[in-house]
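Q: You'll find data06.cif just under this line, and it carries mmCIF, C-alpha atoms and all ligand atoms.
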data_start
#
loop_
_atom_site.label_atom_id
_atom_site.label_comp_id
_atom_site.auth_asym_id
_atom_site.auth_seq_id
_atom_site.Cartn_x
_atom_site.Cartn_y
_atom_site.Cartn_z
CA MET A 1 33.15 2.68 -6.87
CA LYS A 2 30.02 3.78 -5.02
CA PRO A 3 28.80 1.38 -2.31
CA LYS A 4 26.62 -1.47 -3.56
CA ILE A 5 22.86 -1.15 -3.27
CA TRP A 6 21.39 -4.64 -2.87
CA LEU A 7 18.06 -5.97 -4.03
CA SER A 8 17.23 -7.15 -0.52
CA SER A 9 19.76 -7.66 2.25
CA PRO A 10 19.48 -8.78 5.90
CA HIS A 11 18.25 -6.10 8.30
CA MET A 12 18.76 -6.83 11.99
CA GLY A 13 16.51 -5.18 14.55
CA GLY A 14 18.89 -5.16 17.54
CA THR A 15 17.66 -7.84 19.94
CA GLU A 16 18.71 -10.82 17.80
CA GLN A 17 22.13 -10.98 19.46
CA GLN A 18 20.62 -11.21 22.96
CA TYR A 19 18.75 -14.36 22.00
CA VAL A 20 21.91 -15.79 20.41
CA ASN A 21 23.96 -14.89 23.52
CA GLU A 22 21.38 -16.64 25.69
CA ALA A 23 21.87 -19.75 23.59
CA PHE A 24 25.63 -19.58 24.22
CA GLU A 25 25.22 -18.93 27.94
CA THR A 26 22.90 -21.92 28.36
CA ASN A 27 24.83 -24.10 25.88
CA TRP A 28 21.79 -24.67 23.67
CA ILE A 29 24.00 -24.91 20.57
CA ALA A 30 21.88 -27.54 18.84
CA PRO A 31 19.00 -27.98 16.42
CA LEU A 32 16.60 -27.75 19.36
CA GLY A 33 16.19 -25.54 22.41
CA PRO A 34 14.25 -22.60 23.88
CA ASN A 35 14.78 -20.30 20.87
CA VAL A 36 13.38 -22.91 18.48
CA ASN A 37 10.30 -23.34 20.68
CA GLY A 38 10.01 -19.57 21.17
CA PHE A 39 10.33 -18.80 17.47
CA GLU A 40 7.64 -21.35 16.65
CA LYS A 41 5.31 -19.75 19.24
CA ASP A 42 6.01 -16.27 17.82
CA LEU A 43 5.12 -17.46 14.31
CA GLU A 44 1.97 -19.25 15.50
CA LEU A 45 0.81 -16.07 17.23
CA PHE A 46 1.58 -13.93 14.18
CA LEU A 47 -0.13 -16.24 11.67
CA GLY A 48 -3.20 -16.88 13.85
CA ASN A 49 -5.97 -19.12 12.47
CA ASP A 50 -4.93 -21.97 14.85
CA SER A 51 -1.67 -22.45 13.02
CA HIS A 52 0.95 -24.92 14.18
CA VAL A 53 4.55 -24.37 13.15
CA ALA A 54 7.68 -26.53 12.84
CA ALA A 55 10.89 -24.51 12.45
CA LEU A 56 13.20 -26.05 9.84
CA SER A 57 16.62 -25.57 8.27
CA SER A 58 15.15 -24.03 5.09
CA GLY A 59 12.01 -23.37 3.12
CA THR A 60 13.15 -25.97 0.61
CA ALA A 61 13.26 -28.55 3.42
CA GLY A 62 9.70 -27.52 4.27
CA LEU A 63 8.52 -28.16 0.71
CA HIS A 64 10.28 -31.54 0.67
CA LEU A 65 8.72 -32.60 4.00
CA GLY A 66 5.37 -31.22 2.85
CA LEU A 67 5.38 -33.50 -0.19
CA VAL A 68 6.44 -36.49 1.94
CA LEU A 69 3.65 -35.76 4.46
CA LEU A 70 1.07 -35.45 1.66
CA GLY A 71 2.10 -38.95 0.58
CA VAL A 72 3.59 -37.93 -2.79
CA LYS A 73 5.67 -40.78 -4.16
CA ALA A 74 7.77 -41.78 -7.16
CA GLY A 75 5.71 -41.72 -10.35
CA ASP A 76 3.13 -39.27 -8.96
CA GLU A 77 2.42 -35.92 -10.59
CA VAL A 78 2.47 -32.56 -8.77
CA LEU A 79 0.99 -29.33 -10.16
CA CYS A 80 3.38 -26.43 -9.67
CA GLN A 81 3.35 -22.73 -10.50
CA SER A 82 5.84 -22.21 -13.34
CA MET A 83 6.62 -18.57 -12.52
CA THR A 84 8.71 -19.05 -9.38
CA PHE A 85 12.14 -19.74 -7.90
CA SER A 86 13.50 -23.23 -8.63
CA ALA A 87 13.27 -24.11 -4.91
CA THR A 88 9.50 -24.47 -5.35
CA ALA A 89 9.88 -27.19 -7.99
CA ASN A 90 13.10 -29.00 -7.03
CA PRO A 91 11.59 -30.96 -4.07
CA ILE A 92 9.03 -32.54 -6.43
CA THR A 93 11.94 -34.39 -8.01
CA TYR A 94 13.45 -35.26 -4.59
CA VAL A 95 10.47 -37.60 -4.00
CA GLY A 96 10.70 -38.98 -7.56
CA ALA A 97 7.51 -37.26 -8.70
CA THR A 98 6.93 -35.35 -11.95
CA PRO A 99 6.29 -31.59 -11.96
CA ILE A 100 3.38 -30.39 -14.13
CA PHE A 101 3.80 -26.66 -14.63
CA VAL A 102 0.92 -24.18 -14.66
CA ASP A 103 1.05 -20.62 -15.98
CA SER A 104 0.18 -17.42 -14.11
CA GLU A 105 -2.74 -15.02 -14.40
CA LYS A 106 -2.31 -11.28 -14.88
CA ASP A 107 -3.77 -9.84 -11.65
CA THR A 108 -1.30 -11.37 -9.17
CA TRP A 109 1.26 -13.07 -11.47
CA ASN A 110 0.52 -16.32 -9.60
CA MET A 111 -1.05 -19.66 -10.53
CA SER A 112 -4.01 -19.23 -12.87
CA PRO A 113 -7.08 -21.06 -11.48
CA VAL A 114 -8.42 -21.45 -15.03
CA LEU A 115 -5.26 -23.11 -16.32
CA LEU A 116 -4.96 -25.16 -13.13
CA GLU A 117 -8.36 -26.72 -13.73
CA GLU A 118 -7.54 -27.30 -17.39
CA ALA A 119 -4.35 -29.09 -16.33
CA ILE A 120 -6.15 -31.24 -13.74
CA LYS A 121 -8.81 -32.34 -16.23
CA ASP A 122 -6.18 -33.23 -18.81
CA ARG A 123 -3.97 -35.14 -16.37
CA ILE A 124 -6.97 -37.12 -15.09
CA GLU A 125 -7.94 -37.91 -18.69
CA LYS A 126 -4.38 -39.14 -19.28
CA GLY A 127 -4.82 -41.48 -16.32
CA ASN A 128 -2.63 -39.92 -13.63
CA LYS A 129 -4.52 -37.71 -11.16
CA PRO A 130 -2.06 -35.20 -9.60
CA LYS A 131 -1.33 -35.60 -5.88
CA ALA A 132 -0.71 -31.97 -4.86
CA ILE A 133 -0.96 -28.34 -6.02
CA ILE A 134 1.86 -25.87 -5.23
CA PRO A 135 0.86 -22.22 -5.66
CA VAL A 136 3.30 -19.41 -4.78
CA HIS A 137 2.76 -15.82 -3.56
CA LEU A 138 5.39 -14.18 -5.75
CA TYR A 139 7.18 -11.12 -4.40
CA GLY A 140 4.67 -11.08 -1.53
CA MET A 141 1.52 -10.76 -3.66
CA PRO A 142 -1.04 -13.37 -2.55
CA ALA A 143 -2.21 -15.85 -5.18
CA LYS A 144 -5.95 -16.21 -5.86
CA MET A 145 -6.35 -18.65 -2.99
CA GLY A 146 -10.16 -18.56 -2.94
CA ALA A 147 -10.48 -19.87 -6.48
CA LEU A 148 -7.54 -22.26 -6.09
CA LYS A 149 -9.05 -23.77 -2.94
CA VAL A 150 -12.41 -24.32 -4.63
CA ILE A 151 -10.60 -26.36 -7.30
CA SER A 152 -8.51 -28.18 -4.68
CA ASN A 153 -11.68 -29.15 -2.77
CA HIS A 154 -13.61 -30.12 -5.88
CA TYR A 155 -10.93 -32.49 -7.20
CA LYS A 156 -9.72 -33.48 -3.71
CA ILE A 157 -6.11 -32.55 -4.41
CA PRO A 158 -4.36 -30.92 -1.41
CA ILE A 159 -2.56 -27.56 -1.58
CA LEU A 160 1.07 -27.19 -0.54
CA GLU A 161 1.31 -23.39 -0.20
CA ASP A 162 4.70 -21.81 -0.93
CA ALA A 163 4.54 -18.65 1.20
CA ALA A 164 8.34 -18.23 1.23
CA GLU A 165 8.09 -14.64 -0.02
CA ALA A 166 4.84 -13.67 1.66
CA LEU A 167 5.21 -13.58 5.46
CA GLY A 168 2.88 -10.77 6.52
CA SER A 169 0.78 -10.75 3.33
CA SER A 170 -2.92 -11.54 3.60
CA ILE A 171 -6.26 -11.85 1.82
CA ASP A 172 -9.25 -10.36 3.63
CA GLY A 173 -7.23 -10.43 6.86
CA ARG A 174 -6.18 -14.08 6.59
CA LYS A 175 -2.42 -14.46 6.51
CA CYS A 176 -0.48 -16.15 3.73
CA GLY A 177 0.99 -19.32 5.17
CA THR A 178 -2.41 -20.40 6.52
CA PHE A 179 -4.17 -21.26 3.24
CA GLY A 180 -2.59 -24.60 2.41
CA ASP A 181 -3.29 -28.07 3.75
CA ILE A 182 0.41 -27.60 4.42
CA SER A 183 2.26 -24.28 3.99
CA ILE A 184 5.89 -23.26 4.10
CA LEU A 185 7.84 -20.11 4.96
CA SER A 186 11.47 -19.15 4.30
CA PHE A 187 13.87 -17.09 6.40
CA ASN A 188 16.74 -17.04 3.93
CA GLY A 189 19.04 -14.00 4.00
CA ASN A 190 17.14 -12.11 1.29
CA LYS A 191 13.60 -12.61 2.66
CA ILE A 192 11.54 -10.05 4.59
CA ILE A 193 12.96 -11.39 7.85
CA THR A 194 15.86 -13.81 8.11
CA THR A 195 17.44 -16.39 10.39
CA SER A 196 20.48 -16.35 8.03
CA GLY A 197 19.08 -19.60 6.65
CA GLY A 198 15.88 -21.25 7.76
CA GLY A 199 12.29 -22.10 7.06
CA ALA A 200 9.11 -23.42 8.58
CA LEU A 201 6.29 -25.82 7.87
CA VAL A 202 2.82 -24.62 8.87
CA SER A 203 -0.50 -26.40 9.18
CA GLN A 204 -3.79 -26.05 11.06
CA ASN A 205 -3.57 -29.81 11.56
CA GLU A 206 -1.40 -30.30 14.65
CA ALA A 207 -0.74 -33.98 13.87
CA ILE A 208 0.87 -33.02 10.54
CA VAL A 209 3.21 -30.55 12.27
CA LYS A 210 4.14 -33.17 14.91
CA ASP A 211 4.94 -35.59 12.08
CA ALA A 212 7.04 -32.89 10.41
CA ARG A 213 9.12 -32.43 13.58
CA PHE A 214 9.52 -36.21 13.84
CA LEU A 215 10.68 -36.63 10.23
CA ALA A 216 12.93 -33.52 10.49
CA THR A 217 14.85 -35.08 13.39
CA GLN A 218 15.78 -38.41 11.72
CA ALA A 219 12.46 -40.15 12.48
CA ARG A 220 13.53 -41.61 15.82
CA ASP A 221 10.99 -43.97 17.34
CA GLU A 222 10.37 -43.91 21.10
CA ALA A 223 13.15 -46.15 22.50
CA PRO A 224 16.34 -45.85 24.61
CA HIS A 225 18.42 -46.92 21.61
CA TYR A 226 18.16 -45.53 18.06
CA GLN A 227 15.12 -47.19 16.52
CA HIS A 228 13.66 -46.28 13.12
CA SER A 229 10.61 -47.45 11.24
CA LYS A 230 10.54 -44.54 8.76
CA ILE A 231 13.08 -42.69 6.61
CA GLY A 232 14.07 -39.50 8.40
CA TYR A 233 15.72 -36.19 7.54
CA ASN A 234 18.04 -33.75 9.29
CA TYR A 235 15.93 -30.65 8.68
CA ARG A 236 15.43 -28.99 12.08
CA MET A 237 16.34 -25.35 12.69
CA SER A 238 19.40 -24.55 14.80
CA ASN A 239 18.72 -22.90 18.17
CA LEU A 240 21.22 -20.16 17.18
CA CYS A 241 19.33 -19.34 13.97
CA ALA A 242 16.03 -19.43 15.86
CA GLY A 243 17.48 -16.80 18.22
CA VAL A 244 17.96 -14.50 15.24
CA GLY A 245 14.39 -15.31 14.21
CA ARG A 246 12.96 -14.34 17.61
CA GLY A 247 14.64 -10.95 17.38
CA GLN A 248 13.42 -10.50 13.80
CA MET A 249 9.82 -11.27 14.80
CA GLU A 250 9.90 -8.21 17.08
CA VAL A 251 10.47 -5.96 14.05
CA LEU A 252 8.43 -7.82 11.40
CA PRO A 253 5.53 -5.28 11.35
CA ALA A 254 8.04 -2.45 10.91
CA ARG A 255 9.78 -4.35 8.09
CA ILE A 256 6.48 -4.83 6.25
CA ALA A 257 5.60 -1.15 6.67
CA LYS A 258 9.01 -0.11 5.34
CA ARG A 259 8.83 -2.38 2.26
CA ARG A 260 5.38 -0.98 1.46
CA GLU A 261 6.68 2.55 1.89
CA ILE A 262 9.47 1.78 -0.61
CA PHE A 263 6.88 0.49 -3.09
CA ASP A 264 4.92 3.74 -2.64
CA LYS A 265 8.04 5.81 -3.35
CA TYR A 266 8.77 3.92 -6.58
CA PHE A 267 5.11 4.28 -7.54
CA GLU A 268 5.18 8.02 -6.89
CA LYS A 269 8.30 8.31 -9.04
CA LEU A 270 7.29 6.05 -11.94
CA GLY A 271 3.55 5.39 -11.60
CA ASN A 272 2.47 7.80 -14.33
CA LYS A 273 5.34 7.12 -16.75
CA LYS A 274 4.31 5.72 -20.11
CA GLY A 275 5.13 2.04 -20.60
CA ILE A 276 5.83 1.31 -16.93
CA GLN A 277 3.39 -0.84 -15.01
CA PHE A 278 3.25 -1.78 -11.32
CA LEU A 279 1.54 -4.80 -9.78
CA GLU A 280 -1.39 -3.34 -7.85
CA GLU A 281 -3.18 -5.06 -4.97
CA PRO A 282 -6.53 -6.58 -5.90
CA TYR A 283 -9.36 -5.57 -3.54
CA TRP A 284 -8.97 -7.14 -0.05
CA TYR A 285 -5.42 -8.22 -0.91
CA PHE A 286 -2.50 -7.07 1.20
CA SER A 287 1.06 -7.61 -0.05
CA ASN A 288 4.12 -7.37 2.18
CA ARG A 289 5.78 -5.89 -0.96
CA TRP A 290 8.84 -8.06 -0.37
CA LEU A 291 10.18 -6.82 -3.70
CA THR A 292 8.89 -3.93 -5.78
CA THR A 293 8.58 -5.11 -9.39
CA ILE A 294 7.80 -3.27 -12.61
CA LEU A 295 6.93 -4.24 -16.17
CA ILE A 296 8.48 -2.17 -18.94
CA ASP A 297 6.89 -2.08 -22.37
CA PRO A 298 9.91 -1.04 -24.48
CA ALA A 299 7.79 0.24 -27.39
CA GLU A 300 5.92 2.64 -25.12
CA ALA A 301 8.65 3.49 -22.62
CA GLY A 302 11.41 4.03 -25.17
CA PHE A 303 13.78 1.77 -23.23
CA SER A 304 13.79 -1.90 -22.25
CA ARG A 305 13.99 -3.79 -19.00
CA GLU A 306 17.57 -4.65 -19.90
CA ASP A 307 18.49 -0.99 -20.64
CA LEU A 308 17.38 -0.05 -17.13
CA ARG A 309 19.03 -3.05 -15.48
CA LEU A 310 22.39 -2.32 -17.13
CA ALA A 311 22.19 1.39 -16.28
CA LEU A 312 21.57 0.49 -12.62
CA GLU A 313 24.39 -2.05 -12.67
CA LYS A 314 26.80 0.60 -13.92
CA GLU A 315 26.04 2.58 -10.76
CA ASN A 316 26.62 -0.53 -8.61
CA ILE A 317 22.88 -0.95 -7.99
CA GLU A 318 21.50 -4.48 -8.06
CA SER A 319 18.24 -5.18 -9.87
CA ARG A 320 17.10 -8.47 -11.40
CA PRO A 321 14.75 -9.78 -14.08
CA LEU A 322 11.65 -11.51 -12.71
CA TRP A 323 11.92 -15.27 -12.12
CA LYS A 324 12.56 -17.18 -15.31
CA PRO A 325 9.61 -19.59 -15.53
CA MET A 326 10.38 -23.23 -14.69
CA HIS A 327 8.97 -24.55 -17.98
CA MET A 328 11.68 -22.51 -19.77
CA GLN A 329 14.54 -23.84 -17.61
CA PRO A 330 16.85 -26.42 -19.22
CA VAL A 331 16.45 -28.71 -16.21
CA PHE A 332 12.62 -28.68 -16.35
CA GLU A 333 11.72 -28.01 -19.99
CA GLN A 334 10.86 -31.65 -20.74
CA TYR A 335 7.92 -31.62 -18.31
CA PRO A 336 4.31 -30.82 -19.25
CA PHE A 337 3.20 -27.18 -19.13
CA TYR A 338 -0.26 -25.64 -19.28
CA GLY A 339 -0.03 -21.99 -20.25
CA ASP A 340 -1.03 -19.03 -22.37
CA GLY A 341 2.25 -17.10 -22.50
CA THR A 342 1.68 -14.93 -19.40
CA ALA A 343 4.78 -15.97 -17.45
CA GLU A 344 6.98 -15.70 -20.55
CA LYS A 345 5.92 -12.09 -21.07
CA LEU A 346 6.47 -11.27 -17.40
CA PHE A 347 9.97 -12.69 -17.61
CA GLN A 348 10.71 -10.74 -20.77
CA ASN A 349 9.66 -7.31 -19.47
CA GLY A 350 9.79 -7.52 -15.68
CA LEU A 351 12.38 -6.13 -13.29
CA CYS A 352 12.80 -6.40 -9.49
CA LEU A 353 14.01 -3.16 -7.93
CA PRO A 354 16.08 -2.75 -4.75
CA SER A 355 13.52 -3.14 -1.95
CA GLY A 356 15.39 -3.89 1.29
CA SER A 357 13.91 -2.39 4.46
CA ASN A 358 17.39 -0.99 5.19
CA LEU A 359 17.42 1.20 2.06
CA GLU A 360 18.16 4.83 2.95
CA SER A 361 16.77 7.95 1.30
CA ALA A 362 20.21 8.55 -0.20
CA ASP A 363 20.06 5.08 -1.83
CA LEU A 364 16.67 5.85 -3.37
CA PHE A 365 18.08 9.17 -4.55
CA ARG A 366 20.86 7.31 -6.40
CA ILE A 367 18.34 4.88 -7.92
CA PHE A 368 16.00 7.67 -9.02
CA ALA A 369 18.93 9.49 -10.67
CA VAL A 370 19.46 6.43 -12.90
CA PHE A 371 15.74 6.38 -13.76
CA ASP A 372 15.94 10.07 -14.79
CA GLU A 373 18.98 9.33 -16.93
CA VAL A 374 17.37 6.35 -18.72
CA MET A 375 14.01 8.10 -19.21
CA ARG A 376 15.50 11.29 -20.58
C1 LIG A 401 13.30 -18.45 -1.02
C2 LIG A 401 12.26 -19.28 -1.66
C3 LIG A 401 12.15 -20.66 -1.40
C4 LIG A 401 13.19 -21.45 -0.67
O1 LIG A 401 13.45 -21.08 0.61
P1 LIG A 401 14.89 -21.44 1.23
O2 LIG A 401 14.67 -21.11 2.67
O3 LIG A 401 15.88 -20.56 0.58
O4 LIG A 401 15.14 -22.88 1.02
C5 LIG A 401 11.09 -21.35 -1.95
N1 LIG A 401 10.20 -20.75 -2.74
C6 LIG A 401 10.28 -19.45 -3.04
C7 LIG A 401 9.23 -18.85 -3.92
C8 LIG A 401 11.32 -18.67 -2.53
O5 LIG A 401 11.41 -17.38 -2.85
#
Written as structure tokens, how would this file's structure read?

A:
Amino acid sequence: MKPKIWLSSPHMGGTEQQYVNEAFETNWIAPLGPNVNGFEKDLELFLGNDSHVAALSSGTAGLHLGLVLLGVKAGDEVLCQSMTFSATANPITYVGATPIFVDSEKDTWNMSPVLLEEAIKDRIEKGNKPKAIIPVHLYGMPAKMGALKVISNHYKIPILEDAAEALGSSIDGRKCGTFGDISILSFNGNKIITTSGGGALVSQNEAIVKDARFLATQARDEAPHYQHSKIGYNYRMSNLCAGVGRGQMEVLPARIAKRREIFDKYFEKLGNKKGIQFLEEPYWYFSNRWLTTILIDPAEAGFSREDLRLALEKENIESRPLWKPMHMQPVFEQYPFYGDGTAEKLFQNGLCLPSGSNLESADLFRIFAVFDEVMR
């Protein structure tokens, strides 16, 4: 069996281990310490725009805390992009709220501003004004944040920005992760950089980030004994993981450049093939190209998404259909959905291709050989 080619696997830069060793040498083996503080500073510097950052145990924890900090409670409604990973939607149920799913638009595959406004008007008419909006930057492509923010401001519904896949992406120079009233990042093993598992909550409002750190460390009041006046969580990032993160931040620009280069190579290979479509960057948009994705029109291409996926699998090459929309998932299908069929079509014809920054030319050669075979 030929060695496995992964969709996106961890890619260490080299200095991560030094930071981890430092943690051992100084006995900072805890969910706090110099690496946690250092990683937060690195992220604040990278994101700019007066961002404040709380490093957490996962991106999912960030979304959960974000909802708590926005005051979302049982019985409330939260507007959520349907085309996403389940981690975006699950925390809505953790606080007892109801997800209201919104379809995507065709330019970025992210939350449609038109359908969002339609959903808001209808929910208000039904007597339950939603408490938050969760857009996602899928596969690194920024959502239409300008239009979404206009709607958020008009209806006074805050944005919880899921930038888990979009560290390093930007619109007109402004980084993803700085658009929300609260934003979150993920450093899971498959993301553009990783801390093995981890996440962060970001806001330009320093008080919110202080509150996030407080809630993430069991909500301990100031007292010599353990005193609590709020429900807390154990969501802080480990100082060991943060050490990995500090090393990864040193190579983040190189990782983004490499992922974009991989996109360019796929585009060169397949860009002019009939029935194959890439997601191009709208003007002023910059995608970190976390994953390269294609849409295959089987009638035009002569083969389907599934034909290509199975042919790759036979060669021990991992590829994956696009996210199955949340409104089609058994666990979420009973919730309201405002859509026009866009996400369903994306799911039907879309495929994520191996895109890790550690892909070698020989790996791409193997992948391209399968393309040639299928397209023959
Ligand atoms: C990875 C991911 C998350 C969750 O992040 P974790 O750190 O794995 O909890 C949330 N939303 C999206 C869109 C993701 O891709």

Q: In terms of the shortest atom-to-atom distance over all atoms listed in the file, which of A:Val53, A:Met141, A:Ala299, A:Leu43 is closest to ligand LIG 401 (chain A)?

A: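 Residue with the minimum atom-to-atom distance to ligand LIG 401 (chain A): A:Met141.
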
Q: Quick one: everything within 12 Å of Glu44 of chain A, counting only C-alpha atoms, minus sequence neighbours fewer than 2 positions away in the same chain. Send it as a ChimeraX atom specification.

A: /A:37-42,46-55,167,175,177-178,200-204,206,209,249

Q: Can you pull out every residue within 9 Å of Leu322 of chain A, counting all atoms listed in the file, but drop anything in the same chain fewer than 3 positions away, and send it as a list in words?

A: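 Contacts, with the query itself left out: Met83, Thr84, Thr293, Pro325, Leu346, Phe347, Gln348, Asn349, Gly350, Leu351 and Cys352 of chain A.
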
Q: Take the residues from that selection and write them out as a short mmCIF file (atom, residue, chain, number, x, y, z; two decimals), keeping the file's coordinate frame, keeping C-alpha atoms.

A:
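And here's result10.cif as it stands now:
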data_model
loop_
_atom_site.label_atom_id
_atom_site.label_comp_id
_atom_site.auth_asym_id
_atom_site.auth_seq_id
_atom_site.Cartn_x
_atom_site.Cartn_y
_atom_site.Cartn_z
CA MET A 83 6.62 -18.57 -12.52
CA THR A 84 8.71 -19.05 -9.38
CA THR A 293 8.58 -5.11 -9.39
CA PRO A 325 9.61 -19.59 -15.53
CA LEU A 346 6.47 -11.27 -17.40
CA PHE A 347 9.97 -12.69 -17.61
CA GLN A 348 10.71 -10.74 -20.77
CA ASN A 349 9.66 -7.31 -19.47
CA GLY A 350 9.79 -7.52 -15.68
CA LEU A 351 12.38 -6.13 -13.29
CA CYS A 352 12.80 -6.40 -9.49
#

Q: So which residues are near ligand LIG 401 (chain A), meaning at most 8 Å away with only C-alpha atoms and all ligand atoms counted, given back as a list in words?

A: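 Counting only C-alpha atoms and all ligand atoms, the residues within 8 Å of ligand LIG 401 (chain A) come out as Ser57, Ser58, Gly59, Thr60, Ala61, Gly62, Leu63, Thr84, Phe85, Ser86, Ala87, Thr88, Val136, His137, Leu138, Tyr139, Asp162, Ala163, Ala164, Glu165, Leu185, Ser186, Phe187, Asn188, Asn190, Lys191, Gly197, Gly198 and Gly199 of chain A.
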
Q: Counting only C-alpha atoms, which of A:Ile182, A:Leu310, A:Ile100, A:Ala242 gets nearest to Glu333 of chain A?

A: A:Ile100

Q: Go through A:Asn288, A:Ser319, A:Gln334, A:Thr217 one by one, measure the shortest atom-to-atom distance of each to Ala30 of chain A using all atoms listed in the file, and give the residue with the smallest value.

A: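 Between A:Asn288, A:Ser319, A:Gln334, A:Thr217, the residue approaching Ala30 of chain A most closely is A:Thr217.
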
Q: Within 7 Å of Cys176 of chain A, counting all atoms listed in the file, which residues show up once you throw out same-chain ones fewer than 6 positions away? Write them as a list in words, please.

A: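 In the requested form, the answer reads Pro142, Ala163, Ala166, Leu167, Gly168, Ser169 and Ser170 of chain A.
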
Q: Counting all atoms listed in the file, find residues at most 6 Å from (11.8, -31.6, 9.1) (file frame) and give them as a PyMOL selection string.

A: chain A and resi 56+212-213+215-216+235-236

Q: Figure out the distance between atom CA of Asn90 of chain A and atom CA of Ile133 of chain A, please, to one decimal in Å.

A: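 We find that atom CA of Ile133 of chain A and atom CA of Asn90 of chain A lie 14.1 Å from each other.
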
Q: Take every atom of segment 321-334 of chain A listed in the file, fit an axis-aligned box around them, add 3 Å per side, and give the centre and edge lengths in Å to one decimal as AutoDock Vina command-line options.

A:
--center_x 12.9 --center_y -20.7 --center_z -16.4 --size_x 13.9 --size_y 27.9 --size_z 14.6

Q: Point out the residue among A:Asn205, A:Leu240, A:Ile256, A:Glu300 with the least atom-to-atom distance to Asn27 of chain A, counting only C-alpha atoms.

A: A:Leu240

Q: Skip Glu105 of chain A itself and residues of its chain fewer than 4 positions away, then list as a list in words all residues within 10 Å of it, counting all atoms listed in the file.

A: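 The neighbour list is Trp109, Asn110, Met111, Ser112, Pro113, Val114, Leu115, Ala143, Lys144, Gly339, Asp340, Gly341, Thr342 and Ala343 of chain A.
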
Q: Would you pick out the contacts of Lys129 of chain A at 12 Å or less, using all atoms listed in the file, so that residues sharing its chain but fewer than 3 positions from it are not included, and give the list as a JSON list (two decimals) with C-alpha atoms, in the frame of the given file?

A:
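Saved file out.json follows:
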[["chain", "number", "residue", "atom", "x", "y", "z"],
["A", 72, "VAL", "CA", 3.59, -37.93, -2.79],
["A", 75, "GLY", "CA", 5.71, -41.72, -10.35],
["A", 76, "ASP", "CA", 3.13, -39.27, -8.96],
["A", 77, "GLU", "CA", 2.42, -35.92, -10.59],
["A", 78, "VAL", "CA", 2.47, -32.56, -8.77],
["A", 79, "LEU", "CA", 0.99, -29.33, -10.16],
["A", 98, "THR", "CA", 6.93, -35.35, -11.95],
["A", 100, "ILE", "CA", 3.38, -30.39, -14.13],
["A", 117, "GLU", "CA", -8.36, -26.72, -13.73],
["A", 119, "ALA", "CA", -4.35, -29.09, -16.33],
["A", 120, "ILE", "CA", -6.15, -31.24, -13.74],
["A", 121, "LYS", "CA", -8.81, -32.34, -16.23],
["A", 122, "ASP", "CA", -6.18, -33.23, -18.81],
["A", 123, "ARG", "CA", -3.97, -35.14, -16.37],
["A", 124, "ILE", "CA", -6.97, -37.12, -15.09],
["A", 125, "GLU", "CA", -7.94, -37.91, -18.69],
["A", 126, "LYS", "CA", -4.38, -39.14, -19.28],
["A", 132, "ALA", "CA", -0.71, -31.97, -4.86],
["A", 133, "ILE", "CA", -0.96, -28.34, -6.02],
["A", 155, "TYR", "CA", -10.93, -32.49, -7.20],
["A", 156, "LYS", "CA", -9.72, -33.48, -3.71],
["A", 157, "ILE", "CA", -6.11, -32.55, -4.41],
["A", 158, "PRO", "CA", -4.36, -30.92, -1.41]]

Q: Out of A:Arg305, A:Gln81, A:Thr195, A:Gly173, which residue has the shortest atom-to-atom distance to Val244 of chain A when counting all atoms listed in the file?

A: A:Thr195

Q: May I ask which of the residues A:Met375, A:Leu359, A:Lys258, A:Tyr338 is the closest one to Lys273 of chain A, counting only C-alpha atoms?

A: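 The closest residue to Lys273 of chain A is A:Met375.
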
Q: Show me the residues close to (9.7, 1.1, -2.5) - anything with an atom within 10 Å, counting all atoms listed in the file - and format the list as number ranges by chain.

A: A: 258-269, 289-293, 353-357, 359, 364

Q: For the atom pair atom CA of Pro10 of chain A and atom CA of Thr194 of chain A, what is the interatomic distance in Å to one decimal place?

A: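 Going from atom CA of Pro10 of chain A over to atom CA of Thr194 of chain A, I get 6.6 Å.
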
Q: What is the distance, in Å and to one decimal place, between atom CA of Gly33 of chain A and atom CA of Gly247 of chain A?

A: 15.5 Å
